[in-house]
Structure formats: structure tokens, C-alpha cells
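S.K.: Below you will find the structure I want to go over with you.
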Amino acid sequence: MTDTRRPTWCDIDLNALAHNYTAIKSHVGTAEVMPVVKADAYGHGITQVAQRLQQLEAPCLAVAYVEEGITLRKNGITTPIHVLGGAVERQIPLFIEHDLTFTAPSVDKLKQINEAAEAAKTIARVHLKIDTGMERIGIHHYNADTLFEIALQCPSIEVEGVFSHFASADDPDLTFARLQLERFFDALEFFTRHNLPMPKQHIANSAAIMALPESHLDLVRPGLLLYGVAPTPEPPDIEIRPVLSWRTEVIYFKVVEAGNPVSYGGTWAPTHPTRIVTLPVGYADGYRRALSNQAQIIINDNLHNVVGRVCMDQTMVDIGTTSAYNGDQAILIGASGDHQISVQDLAQWSDTIPYEILTAITARVPRRWHP
Ligand SMILES: *Cc1c(COP(=O)(O)O)cnc(C)c1O
């Protein structure tokens with residue numbers, strides 16, 4: 001069979017994913033691990049990632065939107081799925097139809113969910129969302145009692161969990177994260193005070209899993225860490241492996257004379273004749289324009305600079321006096337020989353966070369999953 005694949009692709013190492021899941025699981029001890037697979041599993045492929053996690057018997061999965069949960073159900077995922085984002089009223093029946101777990105961030109929403117569940121003659125599984133300092137969705141911690149009281153009166157609602165979210169657990173100064181945790185515990189006092197069974201409590205994202213062991217509680221919600229990327233530049237104390245690598249191939253070679261600018265806007269020109277190769281990848285693939293004149297790329301075990309502006313579909317690299325031929329591999333994210341380019345590196349070069357690098361890789365880039 002002839003190989004007609006696009007010369008730009010991402011490799012997804014599902015064994016590394018499994019390794020990371022297991023490493024996180026042993027790091028958090030008795031807490032359950034709910035892998036976060038929103039945003040196409042941070043660009044890794046939601047269905048393939050969920051299938052592997054289901055094989056590993058992950059107790060539940062988390063997505064952001066109801067559509068992501070429906071995709072998983074349609075692809076045969078039977079593991080419980082928690083939709084972290086709020087539901088808009090007209091979509092509530094979709095949760096029920098596809099057996100997805102709700103987030104209830106307000107009394108109004110709780111009532112809507114209860115009514116819909118009642119109409120469908122079912123019990124809706126709900127996690128109540130408490131805002132302890134993010135000022136995003138969720139009832140304020142100082143008003144949480146109201147939400148708890150009403151939730152417990154709703155006949156068609158099962159309060160499976162209560163959760164919150166850290167605003168800055170990736171900050172070296174954990175003062176605010178600790179305050180949020182304290183507020184969360186204060187809100188949860190409601191259940192002890194009323195002698196009620198305690199729902200599952202959870203608040204820890206990747207950063208908190210590493211930095212705040214006292215926040216692990218019943219369940220942790222790792223996203224980034226699961227994909228082998230640390231949320232902060234410092235190396236994590238959990239041994240994680242990068243799951244995604246991104247490669248392309250040299251498609252053109254030329255010598256550029258001194259002083260002749262390369263790419264749009266002429267932002268870079270060589271001071272002496274040099275060898276420039278073109279790669280078939282650009283910002284429409286998610287190789288961000290902010291990487292222009294900033295990023296490095298590995299070609300034939302050497303690190304080289306991206307020169308000139310990254311275009312929509314092509315990127316130029318200065319290989320100096322080294323050689324490269326059409327078809328030679330170029331590594332945008334990944335390792336070869338003595339060199340490694342991490343998602344963190346790309347984030348730093350383009351002044352953003354690793355989350356944005358991963359989720360920016362567009363659907364135009366084919367993924368190859370390795371079991
Ligand atoms: C995305 C998300 C997570 C995962 O965050 P990471 O930093 O990737 O671990 C956890 N909880 C909520 C509510 C989220 O939205």
C-alpha cells in the first residue's frame with residue numbers, strides 16, 4: 001500500500017498516558033482519579049484517550065461540555081462522565097438521555113435539573129459547585145448552605161459530589177489556594193453539622209495534586225499532568241512522560257544570501273549565506289505565529305531556529321551549515337538524540353501556557369495513536 005499521509009502529524013503514546021494515570025493514582029493514595037478529557041483530551045483525541053482510561057478502570061471521566069460527553073457515549077464509553085461546566089436549560093434533557101453527571105452551580109439550575117429528571121422519571125446525578133474564590137460558575141462559599149438544603153429536598157436529585165476549583169494552585173505562593181481550601185472545608189461543615197452523609201469532595205487540579213496534598217480529598221481531577229506536562233516550569237515530583245509529540249518533514253531546501261529577508265514582513269535576514277528549509281506546518285495547524293523568530297526545532301539531532309514569521313501553512317528554519325534533505329524529519333515537540341523540545345518550551349517561547357499550546361493544535365494535524 002502506498003503511503004499518502006500528510007507529512008505533519010502528532011504521535012500519541014497511549015502507554016505514556018497509562019503510565020501517567022498510574023503514577024498520579026499512586027501519588028494520591030486513597031483518593032480516586034477522575035481524568036479530565038475535555039477539549040479533545042487536550043488535543044490528544046478524546047475517544048482514544050477515554051478508551052484507554054476505561055481499560056484502566058478509571059472510576060469516572062470529566063469533560064467541560066455536554067457535547068463532549070455525548071461524543072464519548074456515542075463511541076461506546078460506559079464509564080461515568082462528569083460534565084464540569086454548567087448546563088444551559090435547553091440542554092438538560094441531553095444529560096439525562098446520555099447518562100451524564102451534572103454540575104449544579106446555583107439553586108435555579110438545581111431546580112431545572114430536578115424538574116427535568118422528574119419528568120423523565122429518573123434520578124439525576126449531581127455535583128454541587130462551590131465558588132471558593134475563582135468567581136466563575138458556582139455558588140459563593142458563604143451561600144453554600146442554601147444550595148445544600150435545596151439539593152437535599154429535591155426528590156429527583158442525587159447529590160453525588162461537592163466540588164470547587166483553585167484559581168492559582170500553580171502559584172509558588174499558595175496562600176490563596178490554602179484560603180480556598182479552608183473556605184471549601186467550612187462550606188462542607190454543613191454535612192457534619194446536620195449529621196448527613198458526606199458527598200464526594202473534590203477540588204484538586206494538576207497543580208494542586210503536586211503542590212497541595214491536603215487538597216486531594218476523595219477525588220482529584222488531573223488534566224495537564226495526565227498528558228505528561230507539568231503546569232509550572234519546575235519539574236514535577238511525579239514521574240510523568242510526555243504523551244504527545246509533533247513531527248513534520250522537510251519539504252524544501254534553499255540557500256539564502258546574506259541580507260535577504262525570509263518570510264512575511266522581512267523580520268529576519270541572514271548575515272551570511274545560510275541554508276533554509278521549509279516545513280509544511282503553520283499557525284493554522286496550531287504552530288503559533290508567536291513562535292516566529294523564537295522557537296527551535298530539532299532536525300537530524302540538531303537544534304535550529306525558526307526564522308522569519310511563521311506562516312499559515314509553512315515555517316522556515318535556519319539549518320546553518322548542517323545538511324537536511326527533503327523528507328528528513330523535523331521535531332516540533334518531542335525528543336531526539338540529546339535534544340528535547342517540550343510543550344513547556346513552546347509555551348515559554350510564545351508567551352503562553354502549555355494548555356494553550358496543546359489545545360491549539362488543530363484538527364488539520366492528523367493524530368497517530370500508539371497503543
Ligand atoms: C480543566 C479542569 C481541570 C483540570 O485542570 P488541569 O490543570 O489540567 O489539571 C480540573 N477541574 C476543572 C473544574 C477544570 O475545568
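Letters A, B, ... mark the chains of the C-alpha cells in the order given; residue numbers begin at 1 per chain; ligand numbers begin at 1, in order shown.
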Pick out the residues no farther than 8 Å from ligand 1, counting only C-alpha atoms and all ligand atoms, and list them as a ChimeraX atom specification.
M.R.: /A:36,38,64,84-85,164-165,203-207,221-226,231,355
S.K.: The selected residues should be written to file as a PDB file, in the first residue's frame (atoms: N, CA, C and O atoms).
M.R.:
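Written output follows (again_4.pdb):
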ATOM      1  N   VAL A  36      -9.357  14.258  33.324  1.00  0.00           N
ATOM      2  CA  VAL A  36     -10.078  15.309  32.608  1.00  0.00           C
ATOM      3  C   VAL A  36      -9.739  15.182  31.113  1.00  0.00           C
ATOM      4  O   VAL A  36      -8.582  15.299  30.720  1.00  0.00           O
ATOM      5  N   LYS A  38     -11.554  16.854  28.593  1.00  0.00           N
ATOM      6  CA  LYS A  38     -12.194  17.930  27.819  1.00  0.00           C
ATOM      7  C   LYS A  38     -11.261  18.390  26.686  1.00  0.00           C
ATOM      8  O   LYS A  38     -10.068  18.076  26.688  1.00  0.00           O
ATOM      9  N   ALA A  64     -15.842  19.156  29.739  1.00  0.00           N
ATOM     10  CA  ALA A  64     -16.309  20.512  30.029  1.00  0.00           C
ATOM     11  C   ALA A  64     -17.749  20.699  29.586  1.00  0.00           C
ATOM     12  O   ALA A  64     -18.550  21.322  30.277  1.00  0.00           O
ATOM     13  N   LEU A  84     -18.174  19.150  33.744  1.00  0.00           N
ATOM     14  CA  LEU A  84     -17.728  20.141  34.733  1.00  0.00           C
ATOM     15  C   LEU A  84     -18.400  21.495  34.555  1.00  0.00           C
ATOM     16  O   LEU A  84     -18.609  22.233  35.503  1.00  0.00           O
ATOM     17  N   GLY A  85     -18.701  21.841  33.311  1.00  0.00           N
ATOM     18  CA  GLY A  85     -19.307  23.143  33.052  1.00  0.00           C
ATOM     19  C   GLY A  85     -20.783  23.128  33.419  1.00  0.00           C
ATOM     20  O   GLY A  85     -21.380  22.074  33.620  1.00  0.00           O
ATOM     21  N   SER A 164     -15.094  22.273  44.104  1.00  0.00           N
ATOM     22  CA  SER A 164     -14.679  23.654  43.897  1.00  0.00           C
ATOM     23  C   SER A 164     -13.460  23.628  42.978  1.00  0.00           C
ATOM     24  O   SER A 164     -13.024  22.551  42.556  1.00  0.00           O
ATOM     25  N   HIS A 165     -12.926  24.792  42.675  1.00  0.00           N
ATOM     26  CA  HIS A 165     -11.805  24.842  41.732  1.00  0.00           C
ATOM     27  C   HIS A 165     -10.813  25.916  42.164  1.00  0.00           C
ATOM     28  O   HIS A 165     -11.214  27.013  42.536  1.00  0.00           O
ATOM     29  N   ILE A 203     -11.465  19.075  44.689  1.00  0.00           N
ATOM     30  CA  ILE A 203     -11.030  20.438  44.348  1.00  0.00           C
ATOM     31  C   ILE A 203      -9.704  20.447  43.582  1.00  0.00           C
ATOM     32  O   ILE A 203      -9.406  21.424  42.894  1.00  0.00           O
ATOM     33  N   ALA A 204      -8.929  19.360  43.619  1.00  0.00           N
ATOM     34  CA  ALA A 204      -7.542  19.425  43.127  1.00  0.00           C
ATOM     35  C   ALA A 204      -7.412  19.234  41.617  1.00  0.00           C
ATOM     36  O   ALA A 204      -7.836  18.220  41.071  1.00  0.00           O
ATOM     37  N   ASN A 205      -6.814  20.212  40.945  1.00  0.00           N
ATOM     38  CA  ASN A 205      -6.377  20.094  39.553  1.00  0.00           C
ATOM     39  C   ASN A 205      -4.914  19.613  39.560  1.00  0.00           C
ATOM     40  O   ASN A 205      -4.362  19.297  40.622  1.00  0.00           O
ATOM     41  N   SER A 206      -4.278  19.607  38.397  1.00  0.00           N
ATOM     42  CA  SER A 206      -2.898  19.100  38.321  1.00  0.00           C
ATOM     43  C   SER A 206      -1.960  19.810  39.297  1.00  0.00           C
ATOM     44  O   SER A 206      -1.187  19.168  40.010  1.00  0.00           O
ATOM     45  N   ALA A 207      -2.026  21.136  39.311  1.00  0.00           N
ATOM     46  CA  ALA A 207      -1.109  21.902  40.155  1.00  0.00           C
ATOM     47  C   ALA A 207      -1.298  21.548  41.628  1.00  0.00           C
ATOM     48  O   ALA A 207      -0.323  21.358  42.367  1.00  0.00           O
ATOM     49  N   ARG A 221      -8.704  15.750  40.032  1.00  0.00           N
ATOM     50  CA  ARG A 221      -9.125  15.964  38.635  1.00  0.00           C
ATOM     51  C   ARG A 221      -7.937  16.393  37.764  1.00  0.00           C
ATOM     52  O   ARG A 221      -7.841  17.540  37.347  1.00  0.00           O
ATOM     53  N   PRO A 222      -7.030  15.476  37.463  1.00  0.00           N
ATOM     54  CA  PRO A 222      -5.871  15.884  36.658  1.00  0.00           C
ATOM     55  C   PRO A 222      -6.210  16.001  35.180  1.00  0.00           C
ATOM     56  O   PRO A 222      -6.870  15.140  34.604  1.00  0.00           O
ATOM     57  N   GLY A 223      -5.764  17.077  34.580  1.00  0.00           N
ATOM     58  CA  GLY A 223      -5.808  17.227  33.136  1.00  0.00           C
ATOM     59  C   GLY A 223      -4.374  17.197  32.636  1.00  0.00           C
ATOM     60  O   GLY A 223      -3.817  16.138  32.321  1.00  0.00           O
ATOM     61  N   LEU A 224      -3.750  18.373  32.621  1.00  0.00           N
ATOM     62  CA  LEU A 224      -2.412  18.530  32.045  1.00  0.00           C
ATOM     63  C   LEU A 224      -1.416  17.444  32.462  1.00  0.00           C
ATOM     64  O   LEU A 224      -0.683  16.904  31.633  1.00  0.00           O
ATOM     65  N   LEU A 225      -1.384  17.129  33.744  1.00  0.00           N
ATOM     66  CA  LEU A 225      -0.424  16.152  34.283  1.00  0.00           C
ATOM     67  C   LEU A 225      -0.586  14.781  33.638  1.00  0.00           C
ATOM     68  O   LEU A 225       0.388  14.071  33.392  1.00  0.00           O
ATOM     69  N   LEU A 226      -1.826  14.441  33.376  1.00  0.00           N
ATOM     70  CA  LEU A 226      -2.142  13.164  32.738  1.00  0.00           C
ATOM     71  C   LEU A 226      -1.480  13.064  31.363  1.00  0.00           C
ATOM     72  O   LEU A 226      -1.124  11.973  30.906  1.00  0.00           O
ATOM     73  N   PRO A 231       2.181  21.733  35.012  1.00  0.00           N
ATOM     74  CA  PRO A 231       1.536  23.046  34.887  1.00  0.00           C
ATOM     75  C   PRO A 231       2.471  24.219  35.187  1.00  0.00           C
ATOM     76  O   PRO A 231       2.139  25.358  34.890  1.00  0.00           O
ATOM     77  N   TYR A 355      -1.250  24.613  28.311  1.00  0.00           N
ATOM     78  CA  TYR A 355      -2.633  24.249  27.969  1.00  0.00           C
ATOM     79  C   TYR A 355      -2.990  24.771  26.580  1.00  0.00           C
ATOM     80  O   TYR A 355      -3.642  24.105  25.790  1.00  0.00           O
TER      81      TYR A 355
END
S.K.: From a backbone DSSP assignment, name each residue in stretch 4-96 of chain A labelled helix (DSSP H, G or I), as a VMD selection string.
M.R.: chain A and resid 14 to 27 38 to 43 46 to 55 66 to 74 89 to 96
S.K.: Please measure the separation of atom CA of A:Ala167 and atom CA of A:Met34, giving the value in Å to one decimal.
M.R.: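 It comes out at 19.0 Å.
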S.K.: Tell me, in Å to one decimal, how far atom CA of A:Thr79 is from atom CA of A:Leu61.
M.R.: 7.0 Å
S.K.: For stretch 259-266 of chain A, please output as a list in words all residues within 7 Å (counting only C-alpha atoms; exclusion window: fewer than 3 positions along the same chain).
M.R.: Val256, Ala269, Pro270, Thr271, Gly308 and Arg309 of chain A
S.K.: Give the answer as one residue: which of A:Gln340, A:Gln91, A:Thr71, A:Gln48 has the shortest atom-to-atom distance to A:Ser245, using only C-alpha atoms?
M.R.: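 Looking only at the distances to A:Ser245, the closest residue turns out to be A:Gln340.
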S.K.: When you count only C-alpha atoms, which of these residues is closest to A:Leu100: A:Gly29, A:Gly86, A:Pro80, A:Pro366?
M.R.: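 Once distances to A:Leu100 are computed over only C-alpha atoms, the minimum belongs to A:Pro80.
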S.K.: Hey, can you check how far atom CA of A:His304 sits from atom CA of A:Glu356?
M.R.: 23.2 Å
S.K.: Hey, what's within 9 Å of stretch 152-161 of chain A if we count only C-alpha atoms and toss same-chain stuff fewer than 3 positions away? As an mmCIF file with N, CA, C and O atoms, in the first residue's frame, please?
M.R.:
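Result saved to selection_1.cif:
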data_model
loop_
_atom_site.group_PDB
_atom_site.id
_atom_site.type_symbol
_atom_site.label_atom_id
_atom_site.label_comp_id
_atom_site.auth_asym_id
_atom_site.auth_seq_id
_atom_site.Cartn_x
_atom_site.Cartn_y
_atom_site.Cartn_z
ATOM 1 N N THR A 101 -23.277 13.074 34.260
ATOM 2 C CA THR A 101 -23.379 13.647 35.599
ATOM 3 C C THR A 101 -23.357 15.172 35.509
ATOM 4 O O THR A 101 -22.495 15.747 34.853
ATOM 5 N N LEU A 110 -30.336 23.856 39.808
ATOM 6 C CA LEU A 110 -30.701 22.652 40.548
ATOM 7 C C LEU A 110 -32.178 22.332 40.335
ATOM 8 O O LEU A 110 -32.565 21.196 40.069
ATOM 9 N N LYS A 111 -33.011 23.359 40.412
ATOM 10 C CA LYS A 111 -34.453 23.172 40.251
ATOM 11 C C LYS A 111 -34.778 22.730 38.836
ATOM 12 O O LYS A 111 -35.632 21.860 38.622
ATOM 13 N N ILE A 113 -32.822 21.076 36.828
ATOM 14 C CA ILE A 113 -32.365 19.688 36.679
ATOM 15 C C ILE A 113 -33.360 18.747 37.362
ATOM 16 O O ILE A 113 -33.756 17.713 36.809
ATOM 17 N N ASN A 114 -33.800 19.138 38.533
ATOM 18 C CA ASN A 114 -34.754 18.317 39.278
ATOM 19 C C ASN A 114 -36.050 18.106 38.489
ATOM 20 O O ASN A 114 -36.556 16.991 38.383
ATOM 21 N N GLU A 115 -36.539 19.198 37.912
ATOM 22 C CA GLU A 115 -37.783 19.106 37.135
ATOM 23 C C GLU A 115 -37.619 18.200 35.923
ATOM 24 O O GLU A 115 -38.490 17.368 35.631
ATOM 25 N N ALA A 116 -36.499 18.374 35.235
ATOM 26 C CA ALA A 116 -36.258 17.558 34.035
ATOM 27 C C ALA A 116 -36.134 16.082 34.401
ATOM 28 O O ALA A 116 -36.650 15.213 33.696
ATOM 29 N N ALA A 117 -35.462 15.813 35.517
ATOM 30 C CA ALA A 117 -35.284 14.419 35.942
ATOM 31 C C ALA A 117 -36.633 13.820 36.346
ATOM 32 O O ALA A 117 -36.942 12.674 36.022
ATOM 33 N N GLU A 118 -37.419 14.620 37.031
ATOM 34 C CA GLU A 118 -38.747 14.180 37.451
ATOM 35 C C GLU A 118 -39.597 13.817 36.228
ATOM 36 O O GLU A 118 -40.217 12.759 36.184
ATOM 37 N N LYS A 121 -38.707 10.712 34.809
ATOM 38 C CA LYS A 121 -38.835 9.616 35.793
ATOM 39 C C LYS A 121 -37.492 8.952 36.079
ATOM 40 O O LYS A 121 -37.340 7.740 36.042
ATOM 41 N N THR A 122 -36.520 9.816 36.353
ATOM 42 C CA THR A 122 -35.197 9.286 36.674
ATOM 43 C C THR A 122 -34.594 10.131 37.796
ATOM 44 O O THR A 122 -35.169 11.141 38.217
ATOM 45 N N ILE A 123 -33.458 9.691 38.291
ATOM 46 C CA ILE A 123 -32.738 10.448 39.302
ATOM 47 C C ILE A 123 -31.488 11.021 38.644
ATOM 48 O O ILE A 123 -30.718 10.282 38.038
ATOM 49 N N ALA A 124 -31.308 12.332 38.731
ATOM 50 C CA ALA A 124 -30.126 12.970 38.140
ATOM 51 C C ALA A 124 -28.976 12.931 39.134
ATOM 52 O O ALA A 124 -29.141 13.297 40.292
ATOM 53 N N ARG A 125 -27.827 12.486 38.643
ATOM 54 C CA ARG A 125 -26.609 12.512 39.471
ATOM 55 C C ARG A 125 -25.981 13.897 39.356
ATOM 56 O O ARG A 125 -25.724 14.379 38.243
ATOM 57 N N VAL A 126 -25.734 14.537 40.503
ATOM 58 C CA VAL A 126 -25.318 15.937 40.501
ATOM 59 C C VAL A 126 -24.115 16.155 41.410
ATOM 60 O O VAL A 126 -24.024 15.550 42.482
ATOM 61 N N HIS A 127 -23.198 17.006 40.948
ATOM 62 C CA HIS A 127 -22.147 17.536 41.825
ATOM 63 C C HIS A 127 -22.413 19.025 41.996
ATOM 64 O O HIS A 127 -22.598 19.742 41.002
ATOM 65 N N LEU A 128 -22.447 19.468 43.233
ATOM 66 C CA LEU A 128 -22.720 20.877 43.522
ATOM 67 C C LEU A 128 -21.417 21.657 43.436
ATOM 68 O O LEU A 128 -20.388 21.224 43.965
ATOM 69 N N LYS A 129 -21.469 22.805 42.770
ATOM 70 C CA LYS A 129 -20.249 23.577 42.541
ATOM 71 C C LYS A 129 -20.200 24.782 43.468
ATOM 72 O O LYS A 129 -21.054 25.669 43.418
ATOM 73 N N LEU A 147 -27.773 26.132 48.834
ATOM 74 C CA LEU A 147 -27.708 25.157 47.740
ATOM 75 C C LEU A 147 -27.808 23.731 48.295
ATOM 76 O O LEU A 147 -28.544 22.900 47.761
ATOM 77 N N PHE A 148 -27.101 23.488 49.400
ATOM 78 C CA PHE A 148 -27.128 22.154 50.014
ATOM 79 C C PHE A 148 -28.551 21.807 50.471
ATOM 80 O O PHE A 148 -29.056 20.721 50.207
ATOM 81 N N GLU A 149 -29.165 22.740 51.179
ATOM 82 C CA GLU A 149 -30.513 22.473 51.721
ATOM 83 C C GLU A 149 -31.496 22.149 50.611
ATOM 84 O O GLU A 149 -32.245 21.170 50.691
ATOM 85 N N MET A 198 -21.551 12.532 53.921
ATOM 86 C CA MET A 198 -20.725 13.487 53.170
ATOM 87 C C MET A 198 -20.633 13.063 51.706
ATOM 88 O O MET A 198 -20.228 11.958 51.407
ATOM 89 N N PRO A 199 -21.041 13.950 50.777
ATOM 90 C CA PRO A 199 -20.844 13.626 49.347
ATOM 91 C C PRO A 199 -19.341 13.597 49.035
ATOM 92 O O PRO A 199 -18.526 14.049 49.846
ATOM 93 N N LYS A 200 -19.006 13.110 47.853
ATOM 94 C CA LYS A 200 -17.605 13.120 47.419
ATOM 95 C C LYS A 200 -17.129 14.551 47.308
ATOM 96 O O LYS A 200 -17.765 15.378 46.663
ATOM 97 N N GLN A 201 -15.974 14.823 47.932
ATOM 98 C CA GLN A 201 -15.435 16.184 47.894
ATOM 99 C C GLN A 201 -14.251 16.222 46.944
ATOM 100 O O GLN A 201 -13.372 15.369 47.030
ATOM 101 N N HIS A 202 -14.211 17.219 46.068
ATOM 102 C CA HIS A 202 -13.023 17.346 45.216
ATOM 103 C C HIS A 202 -12.751 18.779 44.809
ATOM 104 O O HIS A 202 -13.671 19.576 44.618
#
S.K.: Show me, as a ChimeraX atom specification, the residues that have an atom within 12 Å of A:Ala324 when counting only C-alpha atoms, minus same-chain residues fewer than 4 positions from it.
M.R.: /A:249-255,275-279,298-302,304,317-320,328-330
S.K.: Could those selected residues go to a file with N, CA and C atoms, as a PDB file, in the first residue's frame?
M.R.:
ATOM      1  N   GLU A 249       8.080  17.128   8.181  1.00  0.00           N
ATOM      2  CA  GLU A 249       9.192  16.739   7.315  1.00  0.00           C
ATOM      3  C   GLU A 249       9.639  17.930   6.490  1.00  0.00           C
ATOM      4  N   VAL A 250      10.936  17.956   6.226  1.00  0.00           N
ATOM      5  CA  VAL A 250      11.474  18.993   5.342  1.00  0.00           C
ATOM      6  C   VAL A 250      10.849  18.815   3.961  1.00  0.00           C
ATOM      7  N   ILE A 251      10.320  19.911   3.396  1.00  0.00           N
ATOM      8  CA  ILE A 251       9.773  19.793   2.033  1.00  0.00           C
ATOM      9  C   ILE A 251      10.489  20.690   1.022  1.00  0.00           C
ATOM     10  N   TYR A 252      11.395  21.541   1.509  1.00  0.00           N
ATOM     11  CA  TYR A 252      12.123  22.392   0.569  1.00  0.00           C
ATOM     12  C   TYR A 252      13.431  22.830   1.204  1.00  0.00           C
ATOM     13  N   PHE A 253      14.432  23.016   0.348  1.00  0.00           N
ATOM     14  CA  PHE A 253      15.759  23.434   0.798  1.00  0.00           C
ATOM     15  C   PHE A 253      16.240  24.546  -0.112  1.00  0.00           C
ATOM     16  N   LYS A 254      16.796  25.584   0.460  1.00  0.00           N
ATOM     17  CA  LYS A 254      17.415  26.607  -0.390  1.00  0.00           C
ATOM     18  C   LYS A 254      18.522  27.296   0.374  1.00  0.00           C
ATOM     19  N   VAL A 255      19.402  27.951  -0.380  1.00  0.00           N
ATOM     20  CA  VAL A 255      20.421  28.796   0.240  1.00  0.00           C
ATOM     21  C   VAL A 255      19.928  30.230   0.133  1.00  0.00           C
ATOM     22  N   ARG A 275      21.612  28.058   4.966  1.00  0.00           N
ATOM     23  CA  ARG A 275      20.677  27.072   4.414  1.00  0.00           C
ATOM     24  C   ARG A 275      19.344  27.173   5.152  1.00  0.00           C
ATOM     25  N   ILE A 276      18.310  27.317   4.387  1.00  0.00           N
ATOM     26  CA  ILE A 276      16.962  27.470   4.959  1.00  0.00           C
ATOM     27  C   ILE A 276      16.091  26.322   4.467  1.00  0.00           C
ATOM     28  N   VAL A 277      15.449  25.631   5.394  1.00  0.00           N
ATOM     29  CA  VAL A 277      14.483  24.611   4.972  1.00  0.00           C
ATOM     30  C   VAL A 277      13.073  25.074   5.320  1.00  0.00           C
ATOM     31  N   THR A 278      12.133  24.615   4.524  1.00  0.00           N
ATOM     32  CA  THR A 278      10.723  24.939   4.740  1.00  0.00           C
ATOM     33  C   THR A 278      10.007  23.698   5.254  1.00  0.00           C
ATOM     34  N   LEU A 279       9.159  23.917   6.254  1.00  0.00           N
ATOM     35  CA  LEU A 279       8.376  22.824   6.841  1.00  0.00           C
ATOM     36  C   LEU A 279       6.891  23.076   6.570  1.00  0.00           C
ATOM     37  N   ILE A 298      14.048  20.527  16.155  1.00  0.00           N
ATOM     38  CA  ILE A 298      15.129  19.537  16.024  1.00  0.00           C
ATOM     39  C   ILE A 298      15.069  18.925  14.621  1.00  0.00           C
ATOM     40  N   ILE A 299      16.171  19.047  13.897  1.00  0.00           N
ATOM     41  CA  ILE A 299      16.282  18.368  12.596  1.00  0.00           C
ATOM     42  C   ILE A 299      17.597  17.588  12.616  1.00  0.00           C
ATOM     43  N   ASN A 300      17.522  16.309  12.356  1.00  0.00           N
ATOM     44  CA  ASN A 300      18.715  15.438  12.353  1.00  0.00           C
ATOM     45  C   ASN A 300      19.556  15.627  13.619  1.00  0.00           C
ATOM     46  N   ASP A 301      18.895  15.569  14.755  1.00  0.00           N
ATOM     47  CA  ASP A 301      19.547  15.640  16.072  1.00  0.00           C
ATOM     48  C   ASP A 301      20.204  16.976  16.395  1.00  0.00           C
ATOM     49  N   ASN A 302      19.931  18.001  15.598  1.00  0.00           N
ATOM     50  CA  ASN A 302      20.440  19.337  15.929  1.00  0.00           C
ATOM     51  C   ASN A 302      19.286  20.292  16.179  1.00  0.00           C
ATOM     52  N   HIS A 304      17.681  23.883  15.752  1.00  0.00           N
ATOM     53  CA  HIS A 304      17.795  25.006  14.825  1.00  0.00           C
ATOM     54  C   HIS A 304      16.705  26.023  15.118  1.00  0.00           C
ATOM     55  N   VAL A 317      13.187  27.349   8.707  1.00  0.00           N
ATOM     56  CA  VAL A 317      14.175  27.052   9.746  1.00  0.00           C
ATOM     57  C   VAL A 317      15.563  27.258   9.158  1.00  0.00           C
ATOM     58  N   ASP A 318      16.423  27.916   9.925  1.00  0.00           N
ATOM     59  CA  ASP A 318      17.811  28.143   9.529  1.00  0.00           C
ATOM     60  C   ASP A 318      18.646  26.951   9.995  1.00  0.00           C
ATOM     61  N   ILE A 319      19.142  26.148   9.055  1.00  0.00           N
ATOM     62  CA  ILE A 319      19.945  24.986   9.478  1.00  0.00           C
ATOM     63  C   ILE A 319      21.445  25.265   9.361  1.00  0.00           C
ATOM     64  N   GLY A 320      21.795  26.542   9.088  1.00  0.00           N
ATOM     65  CA  GLY A 320      23.211  26.946   9.088  1.00  0.00           C
ATOM     66  C   GLY A 320      24.015  26.176   8.067  1.00  0.00           C
ATOM     67  N   ASP A 328      13.433  14.569   5.442  1.00  0.00           N
ATOM     68  CA  ASP A 328      14.013  14.443   6.782  1.00  0.00           C
ATOM     69  C   ASP A 328      12.996  14.917   7.822  1.00  0.00           C
ATOM     70  N   GLN A 329      12.985  14.237   8.958  1.00  0.00           N
ATOM     71  CA  GLN A 329      12.019  14.617   9.993  1.00  0.00           C
ATOM     72  C   GLN A 329      12.456  15.858  10.762  1.00  0.00           C
ATOM     73  N   ALA A 330      11.470  16.656  11.111  1.00  0.00           N
ATOM     74  CA  ALA A 330      11.701  17.810  11.972  1.00  0.00           C
ATOM     75  C   ALA A 330      10.771  17.659  13.178  1.00  0.00           C
TER      76      ALA A 330
END
S.K.: If you run DSSP on this backbone, which residues of stretch 41-289 of chain A come out as strand (DSSP E), and could you give them as a PyMOL selection string?
M.R.: chain A and resi 61-63+81-83+102-104+124-131+139-140+157-163+200-204+219-220+244-249+252-256+274-279
S.K.: What lies within 8 Å of stretch 182-187 of chain A using only C-alpha atoms, ignoring chain neighbours under 4 positions off, as number ranges by chain?
M.R.: A: 130, 132, 141-142, 144-145, 164, 178
S.K.: Using only C-alpha atoms, which of the listed residues (A:Ala284, A:Leu244, A:Ala211, A:Ala58) sits closest to A:Val343?
M.R.: A:Leu244
S.K.: Compare A:Gly69, A:Gly228, A:Gly334, A:Pro7 by their minimum atom-to-atom distance to A:Pro354, counting only C-alpha atoms, and give me the closest one.
M.R.: A:Gly228
